[in-house]
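Structure file input-v4.cif; described as mmCIF, C-alpha atoms and all ligand atoms.
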data_data
loop_
_atom_site.label_atom_id
_atom_site.label_comp_id
_atom_site.auth_asym_id
_atom_site.auth_seq_id
_atom_site.Cartn_x
_atom_site.Cartn_y
_atom_site.Cartn_z
CA MET A 1 -9.49 12.57 -26.26
CA ILE A 2 -12.82 11.08 -27.29
CA LEU A 3 -15.56 12.01 -24.81
CA THR A 4 -18.97 10.35 -24.72
CA ASP A 5 -22.13 12.43 -24.55
CA ASP A 6 -22.32 11.58 -20.88
CA ASP A 7 -18.70 12.66 -20.29
CA ARG A 8 -19.51 16.00 -21.93
CA ARG A 9 -22.65 16.41 -19.88
CA LEU A 10 -20.64 16.02 -16.66
CA ARG A 11 -17.88 18.30 -17.93
CA ASP A 12 -20.42 20.97 -18.89
CA GLY A 13 -21.81 21.15 -15.39
CA ASP A 14 -25.07 19.18 -15.56
CA GLU A 15 -24.20 17.53 -12.24
CA GLY A 16 -22.88 20.67 -10.58
CA PRO A 17 -19.58 22.55 -10.37
CA ALA A 18 -17.58 19.97 -8.40
CA VAL A 19 -18.34 17.22 -10.92
CA ALA A 20 -17.52 19.64 -13.77
CA ALA A 21 -14.17 20.42 -12.10
CA ALA A 22 -13.55 16.69 -11.67
CA MET A 23 -14.19 16.04 -15.36
CA ASP A 24 -12.00 18.96 -16.35
CA LEU A 25 -9.18 17.49 -14.25
CA LEU A 26 -9.61 14.03 -15.77
CA VAL A 27 -9.64 15.38 -19.32
CA ARG A 28 -6.46 17.38 -18.71
CA TYR A 29 -4.85 14.34 -17.07
CA GLY A 30 -5.92 12.03 -19.90
CA GLU A 31 -4.71 14.39 -22.61
CA ALA A 32 -1.32 14.72 -20.93
CA LEU A 33 -1.06 10.91 -21.08
CA ASP A 34 -2.36 10.60 -24.64
CA ALA A 35 -5.27 8.50 -23.41
CA GLU A 36 -7.85 7.98 -26.15
CA ARG A 37 -10.80 7.97 -23.79
CA LEU A 38 -11.96 7.64 -20.22
CA CYS A 39 -13.04 4.30 -18.82
CA ASP A 40 -15.85 3.72 -16.36
CA VAL A 41 -14.82 2.82 -12.84
CA ARG A 42 -16.99 1.66 -9.99
CA ASN A 43 -14.28 1.21 -7.37
CA VAL A 44 -12.15 4.07 -6.09
CA ALA A 45 -9.61 3.83 -3.26
CA GLY A 46 -8.20 7.21 -2.37
CA THR A 47 -7.39 9.52 0.45
CA THR A 48 -9.07 12.65 1.68
CA THR A 49 -8.83 12.35 5.42
CA GLN A 50 -5.05 12.11 5.97
CA PRO A 51 -4.41 15.11 8.25
CA SER A 52 -1.72 17.65 7.43
CA PRO A 53 -0.95 21.27 8.29
CA VAL A 54 -1.98 22.33 4.76
CA LYS A 55 -5.37 20.67 5.16
CA ALA A 56 -5.80 22.26 8.57
CA ARG A 57 -5.26 25.68 6.98
CA LEU A 58 -7.66 25.00 4.08
CA VAL A 59 -10.32 23.68 6.44
CA ALA A 60 -9.95 26.80 8.61
CA GLU A 61 -10.42 28.94 5.49
CA GLY A 62 -13.45 27.19 4.00
CA GLY A 63 -14.22 23.85 5.60
CA TRP A 64 -13.74 20.42 4.01
CA ASP A 65 -15.46 21.57 0.80
CA ARG A 66 -12.46 23.87 0.32
CA ALA A 67 -9.85 21.24 1.24
CA PHE A 68 -11.43 18.67 -1.12
CA SER A 69 -11.77 21.24 -3.93
CA ILE A 70 -8.17 22.37 -3.76
CA ILE A 71 -6.43 19.08 -2.94
CA ASN A 72 -8.66 16.43 -4.48
CA LEU A 73 -10.01 18.34 -7.49
CA ASP A 74 -7.18 20.76 -8.24
CA ALA A 75 -9.82 23.52 -8.35
CA ASP A 76 -9.20 27.21 -7.62
CA ASP A 77 -12.48 27.86 -5.82
CA THR A 78 -14.36 26.29 -2.96
CA LEU A 79 -17.00 24.01 -4.49
CA PRO A 80 -19.83 22.21 -2.70
CA ILE A 81 -18.84 18.53 -2.73
CA PRO A 82 -21.76 16.19 -3.52
CA PRO A 83 -22.04 12.49 -2.60
CA MET A 84 -19.58 10.19 -4.36
CA ALA A 85 -20.86 8.89 -7.69
CA VAL A 86 -19.34 5.41 -7.27
CA PRO A 87 -18.25 3.20 -4.37
CA THR A 88 -15.20 4.83 -2.82
CA CYS A 89 -13.07 3.85 0.14
CA GLN A 90 -10.60 5.76 2.28
CA LEU A 91 -7.16 4.17 2.48
CA GLN A 92 -4.77 4.45 5.44
CA HIS A 93 -4.40 7.83 7.10
CA GLY A 94 -3.28 9.14 10.51
CA PHE A 95 -3.81 7.47 13.88
CA GLY A 96 -7.31 7.53 15.37
CA ARG A 97 -8.75 8.66 18.70
CA ASP A 98 -8.05 5.32 20.39
CA ALA A 99 -4.32 5.79 19.77
CA VAL A 100 -4.16 9.05 21.74
CA GLY A 101 -1.85 8.48 24.69
CA VAL A 102 -0.56 5.27 23.12
CA VAL A 103 1.39 6.76 20.23
CA PRO A 104 2.95 10.24 20.18
CA TYR A 105 0.58 11.63 17.55
CA ALA A 106 -0.78 15.17 17.79
CA PRO A 107 -4.36 15.24 19.17
CA GLU A 108 -5.22 18.15 16.84
CA MET A 109 -4.43 15.89 13.87
CA VAL A 110 -6.74 13.24 15.33
CA ALA A 111 -9.49 15.84 15.68
CA LEU A 112 -8.95 17.05 12.10
CA GLN A 113 -9.17 13.48 10.85
CA ASP A 114 -12.37 12.84 12.83
CA ASP A 115 -13.85 15.87 11.15
CA ALA A 116 -12.73 14.64 7.73
CA GLU A 117 -14.22 11.22 8.34
CA ALA A 118 -17.59 12.76 9.15
CA PHE A 119 -17.41 14.83 5.94
CA VAL A 120 -16.54 11.97 3.59
CA GLY A 121 -18.70 9.43 5.42
CA ALA A 122 -21.73 11.67 4.85
CA ARG A 123 -20.87 11.55 1.13
CA GLY A 124 -20.70 7.78 0.95
CA VAL A 125 -17.02 7.04 1.45
CA SER A 126 -16.32 3.80 3.33
CA VAL A 127 -13.59 4.59 5.85
CA LEU A 128 -11.63 1.33 5.65
CA ALA A 129 -8.52 3.15 6.91
CA THR A 130 -6.07 0.60 5.59
CA CYS A 131 -3.49 0.18 2.84
CA THR A 132 -4.94 -3.31 2.29
CA PRO A 133 -8.56 -2.68 1.27
CA TYR A 134 -8.50 -6.12 -0.38
CA GLN A 135 -8.23 -7.70 3.09
CA VAL A 136 -11.37 -6.08 4.39
CA GLY A 137 -14.02 -6.38 1.74
CA ASN A 138 -12.88 -4.32 -1.23
CA LEU A 139 -12.16 -7.05 -3.77
CA PRO A 140 -12.59 -5.90 -7.37
CA VAL A 141 -13.14 -8.73 -9.83
CA ARG A 142 -10.78 -9.72 -12.64
CA GLY A 143 -10.87 -7.18 -15.46
CA GLU A 144 -12.63 -4.52 -13.39
CA HIS A 145 -11.38 -0.97 -14.00
CA CYS A 146 -10.56 0.82 -10.75
CA ALA A 147 -8.90 4.01 -9.58
CA TRP A 148 -6.69 3.14 -6.63
CA MET A 149 -3.88 4.88 -4.81
CA GLU A 150 -1.22 3.20 -2.63
CA SER A 151 1.48 1.31 -4.49
CA SER A 152 1.21 -1.90 -2.46
CA ALA A 153 -2.56 -2.05 -3.00
CA VAL A 154 -2.27 -1.21 -6.70
CA VAL A 155 0.22 -4.00 -7.39
CA TYR A 156 -1.99 -6.46 -5.47
CA ALA A 157 -5.15 -5.40 -7.34
CA ASN A 158 -3.50 -5.68 -10.76
CA SER A 159 -1.46 -8.81 -10.21
CA VAL A 160 -3.26 -10.99 -7.68
CA LEU A 161 -6.85 -9.99 -8.44
CA GLY A 162 -6.46 -9.20 -12.15
CA ALA A 163 -8.27 -5.87 -11.68
CA ARG A 164 -7.03 -2.84 -13.64
CA THR A 165 -5.68 0.30 -12.08
CA ASN A 166 -2.77 2.65 -12.46
CA CYS A 167 -1.13 4.06 -9.38
CA GLU A 168 -3.38 7.10 -8.99
CA GLY A 169 -3.02 10.16 -6.80
CA GLY A 170 -5.21 12.15 -4.45
CA ALA A 171 -6.52 14.41 -7.21
CA SER A 172 -7.30 11.74 -9.80
CA THR A 173 -9.04 9.51 -7.24
CA GLY A 174 -10.98 12.51 -5.94
CA ALA A 175 -12.14 13.27 -9.49
CA ALA A 176 -12.86 9.59 -10.19
CA SER A 177 -14.99 9.28 -7.06
CA LEU A 178 -17.28 12.12 -8.24
CA THR A 179 -17.55 10.98 -11.87
CA GLY A 180 -16.94 7.22 -12.08
CA ARG A 181 -14.27 7.86 -14.75
CA ILE A 182 -10.49 7.59 -15.07
CA PRO A 183 -8.22 7.97 -18.13
CA CYS A 184 -7.95 4.65 -19.93
CA TRP A 185 -4.19 4.19 -20.28
CA GLY A 186 -1.40 2.03 -18.86
CA ASN A 187 -2.64 -0.88 -16.79
CA HIS A 188 -6.20 -0.46 -18.10
CA ARG A 189 -5.12 -1.65 -21.56
CA ASP A 190 -4.55 -5.29 -22.59
CA ASP A 191 -1.31 -4.51 -24.42
CA GLU A 192 0.16 -2.77 -21.37
CA ARG A 193 -0.38 -5.77 -19.10
CA ARG A 194 1.94 -8.29 -20.72
CA GLY A 195 5.24 -9.21 -19.11
CA THR A 196 8.37 -7.28 -19.99
CA HIS A 197 11.06 -9.05 -17.93
CA HIS A 198 11.61 -12.73 -17.18
CA VAL A 199 12.77 -13.36 -13.61
CA ARG A 200 14.31 -16.81 -13.20
CA VAL A 201 14.34 -17.84 -9.55
CA GLU A 202 17.25 -20.19 -8.88
CA THR A 203 17.18 -20.35 -5.08
CA PRO A 204 14.22 -21.61 -3.05
CA VAL A 205 11.61 -18.95 -2.27
CA ALA A 206 9.44 -20.54 0.35
CA SER A 207 8.98 -18.13 3.28
CA PHE A 208 7.58 -14.69 4.04
CA LEU A 209 11.16 -13.36 4.25
CA ASP A 210 12.08 -14.95 0.90
CA TRP A 211 9.11 -13.38 -0.88
CA GLY A 212 10.09 -9.97 0.49
CA LEU A 213 13.72 -10.41 -0.60
CA LEU A 214 12.62 -11.60 -4.04
CA GLY A 215 10.27 -8.61 -4.42
CA TYR A 216 12.97 -6.19 -3.34
CA ALA A 217 15.50 -7.64 -5.81
CA VAL A 218 12.95 -7.78 -8.64
CA GLY A 219 11.78 -4.18 -8.17
CA ASP A 220 15.36 -3.00 -8.21
CA ALA A 221 16.09 -4.96 -11.38
CA VAL A 222 13.00 -4.15 -13.46
CA GLN A 223 12.02 -0.72 -12.06
CA GLU A 224 8.70 0.09 -13.84
CA GLY A 225 8.72 -3.18 -15.81
CA ARG A 226 6.22 -6.03 -15.57
CA PRO A 227 8.13 -9.07 -14.33
CA VAL A 228 7.11 -12.65 -15.03
CA VAL A 229 8.51 -14.71 -12.18
CA THR A 230 9.23 -18.43 -12.64
CA GLY A 231 11.41 -21.06 -11.01
CA ASP A 232 11.96 -22.37 -7.50
CA LEU A 233 8.82 -20.89 -5.92
CA ALA A 234 6.63 -22.46 -3.25
CA LEU A 235 2.95 -21.55 -3.57
CA PRO A 236 2.64 -18.16 -1.81
CA ASP A 237 -0.18 -17.30 0.56
CA LEU A 238 -1.85 -13.88 0.83
CA THR A 239 0.75 -12.69 3.30
CA ASP A 240 3.72 -13.75 1.15
CA ILE A 241 2.40 -12.21 -2.01
CA LYS A 242 1.38 -9.03 -0.21
CA HIS A 243 5.00 -8.72 0.97
CA PHE A 244 6.39 -9.50 -2.50
CA GLY A 245 4.36 -6.83 -4.29
CA ALA A 246 4.94 -4.14 -1.66
CA ALA A 247 8.71 -4.78 -1.79
CA ALA A 248 8.79 -4.68 -5.61
CA ALA A 249 6.85 -1.42 -5.55
CA SER A 250 9.36 0.06 -3.07
CA SER A 251 12.75 -0.70 -4.63
CA GLY A 252 11.20 -0.15 -8.07
CA GLY A 253 7.87 1.02 -9.46
CA VAL A 254 6.28 -2.37 -10.18
CA GLU A 255 2.51 -2.08 -10.56
CA LEU A 256 1.85 -5.44 -12.21
CA TYR A 257 3.62 -8.81 -12.21
CA HIS A 258 2.78 -12.32 -13.22
CA VAL A 259 3.56 -15.62 -11.51
CA PRO A 260 2.53 -18.31 -14.01
CA GLY A 261 0.12 -20.77 -12.47
CA VAL A 262 -0.62 -18.42 -9.56
CA THR A 263 -1.76 -15.01 -10.81
CA PRO A 264 -4.95 -14.89 -12.89
CA GLU A 265 -3.64 -13.48 -16.17
CA ALA A 266 -0.76 -15.94 -16.37
CA PRO A 267 -1.95 -19.54 -16.71
CA THR A 268 1.37 -20.11 -18.52
CA THR A 269 4.63 -18.21 -19.03
CA GLU A 270 3.78 -17.80 -22.74
CA THR A 271 0.42 -16.22 -21.89
CA ALA A 272 2.09 -13.87 -19.42
CA PHE A 273 4.35 -12.52 -22.18
CA GLY A 274 1.52 -12.43 -24.73
CA GLY A 275 3.67 -14.02 -27.42
CA ARG A 276 6.41 -11.40 -27.18
CA PRO A 277 9.97 -12.13 -26.07
CA PRO A 278 11.04 -10.68 -22.73
CA ARG A 279 12.98 -7.43 -22.88
CA GLU A 280 15.48 -8.86 -20.40
CA THR A 281 16.04 -11.93 -18.25
CA VAL A 282 16.94 -11.45 -14.60
CA VAL A 283 18.27 -14.19 -12.31
CA PHE A 284 17.45 -14.39 -8.59
CA GLY A 285 19.90 -16.82 -7.06
CA PRO A 286 21.71 -17.11 -3.71
CA ALA A 287 23.93 -14.08 -4.49
CA GLU A 288 20.96 -11.85 -5.39
CA ARG A 289 19.09 -13.03 -2.27
CA ARG A 290 22.04 -12.13 -0.06
CA ALA A 291 22.52 -8.77 -1.82
CA ALA A 292 18.86 -7.83 -1.22
CA HIS A 293 19.20 -8.75 2.46
CA GLU A 294 22.37 -6.68 2.77
CA ARG A 295 20.76 -3.66 1.13
CA LEU A 296 17.80 -3.85 3.49
CA ASN A 297 20.18 -3.97 6.43
CA ASP A 298 22.62 -1.30 5.34
CA GLN A 299 20.87 1.26 7.56
CA GLY A 300 21.62 -0.65 10.76
CA THR A 301 24.72 -0.20 12.91
CA SER A 302 23.67 -0.29 16.57
CA GLU A 303 22.31 -3.63 17.75
CA ASP A 304 20.29 -2.00 20.53
CA VAL A 305 16.73 -2.06 19.21
CA ASP A 306 14.12 0.21 20.78
CA PHE A 307 11.21 -0.29 18.39
CA VAL A 308 9.85 -3.27 16.44
CA LEU A 309 7.29 -2.79 13.70
CA LEU A 310 5.27 -5.60 12.13
CA GLY A 311 2.40 -5.30 9.66
CA CYS A 312 3.48 -3.41 6.54
CA PRO A 313 1.38 -3.65 4.42
CA HIS A 314 -1.20 -3.90 7.21
CA ALA A 315 -1.09 -7.32 8.83
CA SER A 316 -3.29 -10.23 7.90
CA LEU A 317 -5.03 -12.21 10.64
CA ASP A 318 -2.44 -14.96 10.16
CA GLN A 319 0.36 -12.47 10.85
CA ILE A 320 -1.33 -11.21 14.02
CA ARG A 321 -1.96 -14.77 15.22
CA ASP A 322 1.63 -15.80 14.49
CA ALA A 323 2.98 -12.77 16.37
CA ALA A 324 0.75 -13.64 19.33
CA ARG A 325 2.07 -17.20 19.34
CA ALA A 326 5.67 -15.99 19.21
CA LEU A 327 5.04 -13.58 22.11
CA GLU A 328 3.04 -15.95 24.33
CA GLY A 329 4.45 -16.02 27.86
CA ARG A 330 7.21 -13.55 26.99
CA ARG A 331 7.71 -9.91 27.88
CA LEU A 332 9.17 -7.05 25.85
CA ALA A 333 12.55 -5.73 26.98
CA ASP A 334 12.47 -2.54 29.03
CA GLY A 335 12.61 0.45 26.70
CA THR A 336 11.54 -1.55 23.62
CA GLU A 337 8.14 -1.16 21.97
CA LEU A 338 6.37 -3.45 19.50
CA TRP A 339 3.61 -2.22 17.21
CA ILE A 340 1.63 -4.43 14.84
CA MET A 341 -0.22 -2.38 12.23
CA ALA A 342 -3.51 -3.89 11.08
CA PRO A 343 -6.76 -2.97 9.34
CA ARG A 344 -9.28 -1.91 11.98
CA ALA A 345 -11.74 -4.58 10.84
CA LEU A 346 -9.15 -7.33 11.32
CA ALA A 347 -8.01 -5.87 14.64
CA ALA A 348 -11.57 -6.43 15.85
CA VAL A 349 -11.32 -10.10 14.86
CA ALA A 350 -7.87 -10.39 16.46
CA GLU A 351 -9.26 -9.02 19.69
CA ARG A 352 -12.24 -11.35 19.59
CA SER A 353 -9.93 -14.31 18.91
CA GLY A 354 -7.76 -13.54 21.93
CA TYR A 355 -4.62 -12.68 19.92
CA THR A 356 -4.55 -9.05 21.03
CA ALA A 357 -4.72 -9.99 24.71
CA VAL A 358 -1.61 -12.18 24.30
CA ILE A 359 0.25 -9.44 22.45
CA GLU A 360 -0.72 -6.83 25.03
CA ALA A 361 0.23 -9.12 27.93
CA ALA A 362 3.72 -9.20 26.43
CA GLY A 363 3.73 -5.40 26.20
CA GLY A 364 3.03 -5.08 22.47
CA ARG A 365 0.24 -3.21 20.68
CA VAL A 366 -2.08 -3.88 17.77
CA LEU A 367 -2.66 -0.48 16.17
CA THR A 368 -4.86 0.54 13.27
CA ASP A 369 -5.54 3.13 10.57
CA SER A 370 -1.95 4.23 9.97
CA CYS A 371 1.70 3.26 10.28
CA PRO A 372 4.97 4.97 11.25
CA ALA A 373 5.77 5.91 7.64
CA MET A 374 2.32 7.36 6.93
CA SER A 375 1.96 9.22 10.22
CA ARG A 376 5.69 9.98 10.61
CA THR A 377 5.34 8.66 14.12
CA ALA A 378 7.39 6.18 16.14
CA PRO A 379 7.79 5.71 19.87
CA THR A 380 9.44 8.75 21.43
CA GLY A 381 13.22 8.49 21.37
CA THR A 382 13.42 5.70 18.77
CA ARG A 383 16.90 5.44 17.32
CA VAL A 384 16.92 1.87 15.98
CA PHE A 385 13.98 -0.14 14.73
CA ALA A 386 13.55 -3.68 13.42
CA THR A 387 10.94 -4.91 10.98
CA ASP A 388 9.98 -7.93 8.89
CA SER A 389 8.74 -5.61 6.12
CA ALA A 390 11.03 -4.79 3.21
CA LYS A 391 8.89 -1.75 2.42
CA GLN A 392 9.13 -0.29 5.90
CA ALA A 393 12.90 -1.01 6.08
CA HIS A 394 13.26 0.77 2.74
CA TYR A 395 11.38 3.95 3.66
CA LEU A 396 11.41 4.54 7.40
CA PRO A 397 15.11 5.38 7.93
CA ALA A 398 14.80 8.29 5.48
CA ILE A 399 11.41 9.42 6.81
CA LEU A 400 12.28 9.37 10.52
CA GLY A 401 16.09 9.48 10.48
CA ILE A 402 16.42 6.19 12.37
CA GLU A 403 18.42 3.00 11.84
CA ALA A 404 16.75 -0.14 10.51
CA TRP A 405 17.16 -3.89 10.75
CA PHE A 406 15.27 -6.26 8.47
CA GLY A 407 14.71 -9.95 9.14
CA THR A 408 12.18 -12.67 9.85
CA THR A 409 9.17 -12.16 12.07
CA ALA A 410 10.82 -14.45 14.65
CA GLU A 411 14.00 -12.34 14.60
CA CYS A 412 11.91 -9.20 15.12
CA VAL A 413 10.05 -10.74 18.05
CA ASP A 414 13.40 -11.82 19.49
CA ALA A 415 14.62 -8.22 19.17
CA ALA A 416 11.49 -7.01 20.95
CA VAL A 417 11.99 -9.31 23.94
CA THR A 418 15.77 -8.95 24.21
CA GLY A 419 16.23 -5.37 23.00
CA ARG A 420 19.02 -6.67 20.75
CA TRP A 421 19.22 -7.38 17.02
CA ARG A 422 20.55 -10.89 16.46
CA GLY A 423 19.23 -11.53 12.97
CA GLU A 424 21.22 -13.13 10.19
CA LEU A 425 20.35 -14.53 6.79
CA ARG A 426 20.00 -18.29 6.68
FE1 LIG B 501 0.75 0.36 4.66
FE2 LIG B 501 2.28 2.06 5.88
FE3 LIG B 501 3.30 -0.03 4.78
S1 LIG B 501 0.54 2.55 4.66
S2 LIG B 501 2.04 -0.41 3.01
S3 LIG B 501 1.86 -0.03 6.52
S4 LIG B 501 4.18 2.00 4.69
#

The structure given in the file should be rewritten as structure tokens.
Ligand code: F3S
Amino acid sequence: MILTDDDRRLRDGDEGPAVAAAMDLLVRYGEALDAERLCDVRNVAGTTTQPSPVKARLVAEGGWDRAFSIINLDADDTLPIPPMAVPTCQLQHGFGRDAVGVVPYAPEMVALQDDAEAFVGARGVSVLATCTPYQVGNLPVRGEHCAWMESSAVVYANSVLGARTNCEGGASTGAASLTGRIPCWGNHRDDERRGTHHVRVETPVASFLDWGLLGYAVGDAVQEGRPVVTGDLALPDLTDIKHFGAAAASSGGVELYHVPGVTPEAPTTETAFGGRPPRETVVFGPAERRAAHERLNDQGTSEDVDFVLLGCPHASLDQIRDAARALEGRRLADGTELWIMAPRALAAVAERSGYTAVIEAAGGRVLTDSCPAMSRTAPTGTRVFATDSAKQAHYLPAILGIEAWFGTTAECVDAAVTGRWRGELR
């Protein structure tokens, strides 16, 4: 791999041992991928603070310097961690102090996370604590090289914003945050951003549910491909397209897609394919829509719902407002809980706008920082949950061993107030 003089200087320890370890990691990573060089990044979204028993042990042995060295730099020794070299944000993690007593999440994990936040905050990490950093101020510009984790955020950054990032991990983002470098391969390169599959939509896709079903079917069909989606599509809003990308990154490994006329690198279908023919054409019609819905509901048998989860990826303000409207004057069924996961910054706006008061009056909660999948936490005794998120319906049954129903937001609110699942595809 070609290293610049500055890359070598960092690797040789001019900026201290942690930065040298970070460069060593990036060079090994880049060589394994056949990357020709590193590219400069000025926007890192990673995770250091997510509590875990392993981190608790490492912190007990040598503080957060040790945990960061071992987990985020793949180092053997405990290295003093300097301030981050480039703007870095913390993605979602565990539940915070204000959730103690509200969700069954271990207080010692909350304390560990508090400690971690103080450590990274002192080194210049912005603790956004959300899987949707793009909703709360982290908006890279088109063409900007980034190093982001979190599949739903990566697909949004690449596709909707036109920024450039692979789906990184805790070690590569840790190294990137201390060096401002990441191997220049995959989604960083022009020739790796053109469409590979043509998805022809032959049934109307006009709602939040439809965009989730389309994403789930497309991810399953193209796996790691780069779909170009055309056809019977209404103009999506942020919430729709957030659902689409997260679903495609769950059933498959989609990190980049194009919707001609909507996403920035695809003014036309021809541009999206870069003059090359698609590898394959995939049709999304009524049968594929129904099949995606059936797959997302194949983990549900009992119609008695004890938990409803909205906000995956973390809810937009529109989603919180719509949930408040749907819950106004109603009351959750006895024994049923409703959680809406949101970025902390947007939860503050929701509270100020009066949405949270309406949701809480009905018995629901607006919660922040985490989610059931990330924290492995649901209301005590949950056996059956309902969600309007294809991603959460895909993952949570396996993570928590519970049944799942997937449907519209209205169907989920209905389940919360009746305790029964009555959803069906229309
Ligand atoms: Fe976010 Fe959790 Fe969904 S981290 S994308 S709410 S699985």

Skipping near chain neighbours, those fewer than 4 positions away, what residues fall within 12 Å of Pro133 (chain A) using only C-alpha atoms, listed as a PyMOL selection string?
-> chain A and resi 43-46+88-92+126-129+137-140+148-150+152-154+156-157+242+313-316+342-346+369

Output the neighbourhood of ligand LIG 501 (chain B) as a PDB file with C-alpha atoms, keeping the file's coordinate frame, that is, all protein and nucleic acid residues with some atom at most 8 Å from the ligand, counting only C-alpha atoms and all ligand atoms.
ATOM      1  CA  GLN A  92      -4.770   4.450   5.440  1.00  0.00           C
ATOM      2  CA  HIS A  93      -4.400   7.830   7.100  1.00  0.00           C
ATOM      3  CA  THR A 130      -6.070   0.600   5.590  1.00  0.00           C
ATOM      4  CA  CYS A 131      -3.490   0.180   2.840  1.00  0.00           C
ATOM      5  CA  THR A 132      -4.940  -3.310   2.290  1.00  0.00           C
ATOM      6  CA  GLU A 150      -1.220   3.200  -2.630  1.00  0.00           C
ATOM      7  CA  SER A 151       1.480   1.310  -4.490  1.00  0.00           C
ATOM      8  CA  SER A 152       1.210  -1.900  -2.460  1.00  0.00           C
ATOM      9  CA  ALA A 153      -2.560  -2.050  -3.000  1.00  0.00           C
ATOM     10  CA  ALA A 246       4.940  -4.140  -1.660  1.00  0.00           C
ATOM     11  CA  GLY A 311       2.400  -5.300   9.660  1.00  0.00           C
ATOM     12  CA  CYS A 312       3.480  -3.410   6.540  1.00  0.00           C
ATOM     13  CA  PRO A 313       1.380  -3.650   4.420  1.00  0.00           C
ATOM     14  CA  HIS A 314      -1.200  -3.900   7.210  1.00  0.00           C
ATOM     15  CA  MET A 341      -0.220  -2.380  12.230  1.00  0.00           C
ATOM     16  CA  SER A 370      -1.950   4.230   9.970  1.00  0.00           C
ATOM     17  CA  CYS A 371       1.700   3.260  10.280  1.00  0.00           C
ATOM     18  CA  PRO A 372       4.970   4.970  11.250  1.00  0.00           C
ATOM     19  CA  ALA A 373       5.770   5.910   7.640  1.00  0.00           C
ATOM     20  CA  MET A 374       2.320   7.360   6.930  1.00  0.00           C
ATOM     21  CA  SER A 389       8.740  -5.610   6.120  1.00  0.00           C
ATOM     22  CA  LYS A 391       8.890  -1.750   2.420  1.00  0.00           C
ATOM     23  CA  GLN A 392       9.130  -0.290   5.900  1.00  0.00           C
ATOM     24  CA  TYR A 395      11.380   3.950   3.660  1.00  0.00           C
TER      25      TYR A 395
END

May I have the residues within 9 Å of region 258-271 of chain A as a PyMOL selection string, using only C-alpha atoms and disregarding those fewer than 2 positions away in the same chain?
-> chain A and resi 142+159-162+193-195+226-230+235-236+256+273-276

When distances are computed from all atoms listed in the file, which of A:His145, A:Pro51, A:Asp24, A:Ala171 shows the smallest separation from Ser69 (chain A)?
->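 Residue with the minimum atom-to-atom distance to Ser69 (chain A): A:Ala171.
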
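Atom pair CA of Gly364 (chain A) / CA of Asp98 (chain A) has a distance of 15.3 Å (rounded to one decimal).
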
Using all atoms listed in the file, find the one residue out of A:Glu202, A:Asp306, A:Glu328, A:Asp318 that sits nearest to Ala416 (chain A).
-> A:Asp306

Give me, as JSON lines, each residue of region 303-325 of chain A that comes within 10 Å of region 397-407 of chain A, together with its shortest interatomic pair and the distance in Å at one decimal, counting only C-alpha atoms, with rows ordered by chain and rising residue number.
{"residue": "A:Glu303", "atom": "CA", "partner": "A:Trp405", "partner_atom": "CA", "distance": 8.7}
{"residue": "A:Val305", "atom": "CA", "partner": "A:Trp405", "partner_atom": "CA", "distance": 8.7}
{"residue": "A:Phe307", "atom": "CA", "partner": "A:Ala404", "partner_atom": "CA", "distance": 9.6}
{"residue": "A:Val308", "atom": "CA", "partner": "A:Trp405", "partner_atom": "CA", "distance": 9.3}

Anything within 12 Å of (23.7, -2.7, 4.3): list those residues as a list in words, counting only C-alpha atoms and sticking to the file's coordinates.
->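 Every polymer residue passing the test: Arg290, Ala291, Ala292, His293, Glu294, Arg295, Leu296, Asn297, Asp298, Gln299, Gly300, Thr301, Ala393, His394, Glu403, Ala404, Trp405 and Phe406 of chain A.
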
What's around Gly231 (chain A) at 12 Å? Count all atoms listed in the file, leave out sequence neighbours fewer than 6 positions away in its own chain, and write the answer as a short mmCIF file (atom, residue, chain, number, x, y, z; two decimals) with C-alpha atoms, in the frame of the given file.
data_model
loop_
_atom_site.label_atom_id
_atom_site.label_comp_id
_atom_site.auth_asym_id
_atom_site.auth_seq_id
_atom_site.Cartn_x
_atom_site.Cartn_y
_atom_site.Cartn_z
CA HIS A 198 11.61 -12.73 -17.18
CA VAL A 199 12.77 -13.36 -13.61
CA ARG A 200 14.31 -16.81 -13.20
CA VAL A 201 14.34 -17.84 -9.55
CA GLU A 202 17.25 -20.19 -8.88
CA THR A 203 17.18 -20.35 -5.08
CA PRO A 204 14.22 -21.61 -3.05
CA VAL A 205 11.61 -18.95 -2.27
CA ALA A 206 9.44 -20.54 0.35
CA LEU A 214 12.62 -11.60 -4.04
CA VAL A 259 3.56 -15.62 -11.51
CA PRO A 260 2.53 -18.31 -14.01
CA GLY A 261 0.12 -20.77 -12.47
CA THR A 269 4.63 -18.21 -19.03
CA VAL A 282 16.94 -11.45 -14.60
CA VAL A 283 18.27 -14.19 -12.31
CA PHE A 284 17.45 -14.39 -8.59
CA GLY A 285 19.90 -16.82 -7.06
#

Between CA of Ile320 (chain A) and CA of Arg422 (chain A), what is the distance, to one decimal in Å?
->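 These two atoms are separated by 22.0 Å.
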
Pick out the residues sitting within 8 Å of Gly419 (chain A), and hand them over as a PyMOL selection string; count only C-alpha atoms, and ignore anything fewer than 4 positions along from it in its own chain.
-> chain A and resi 304-306+332-336+414-415

CA of Val125 (chain A) to CA of Asp65 (chain A): how many Å, to one decimal?
->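 Distance between the two atoms: 14.6 Å.
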
Name all residues at most 6 Å from Gly212 (chain A) (count all atoms listed in the file; drop same-chain ones fewer than 3 positions away) and give them as a ChimeraX atom specification.
-> /A:209,215,243-244,247,390

So, counting all atoms listed in the file, which residue among A:Leu233, A:Ala357, A:Ala18, A:Ala272 is closest to Asp76 (chain A)?
->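 Checking each candidate against Asp76 (chain A), we get A:Ala18 as the closest.
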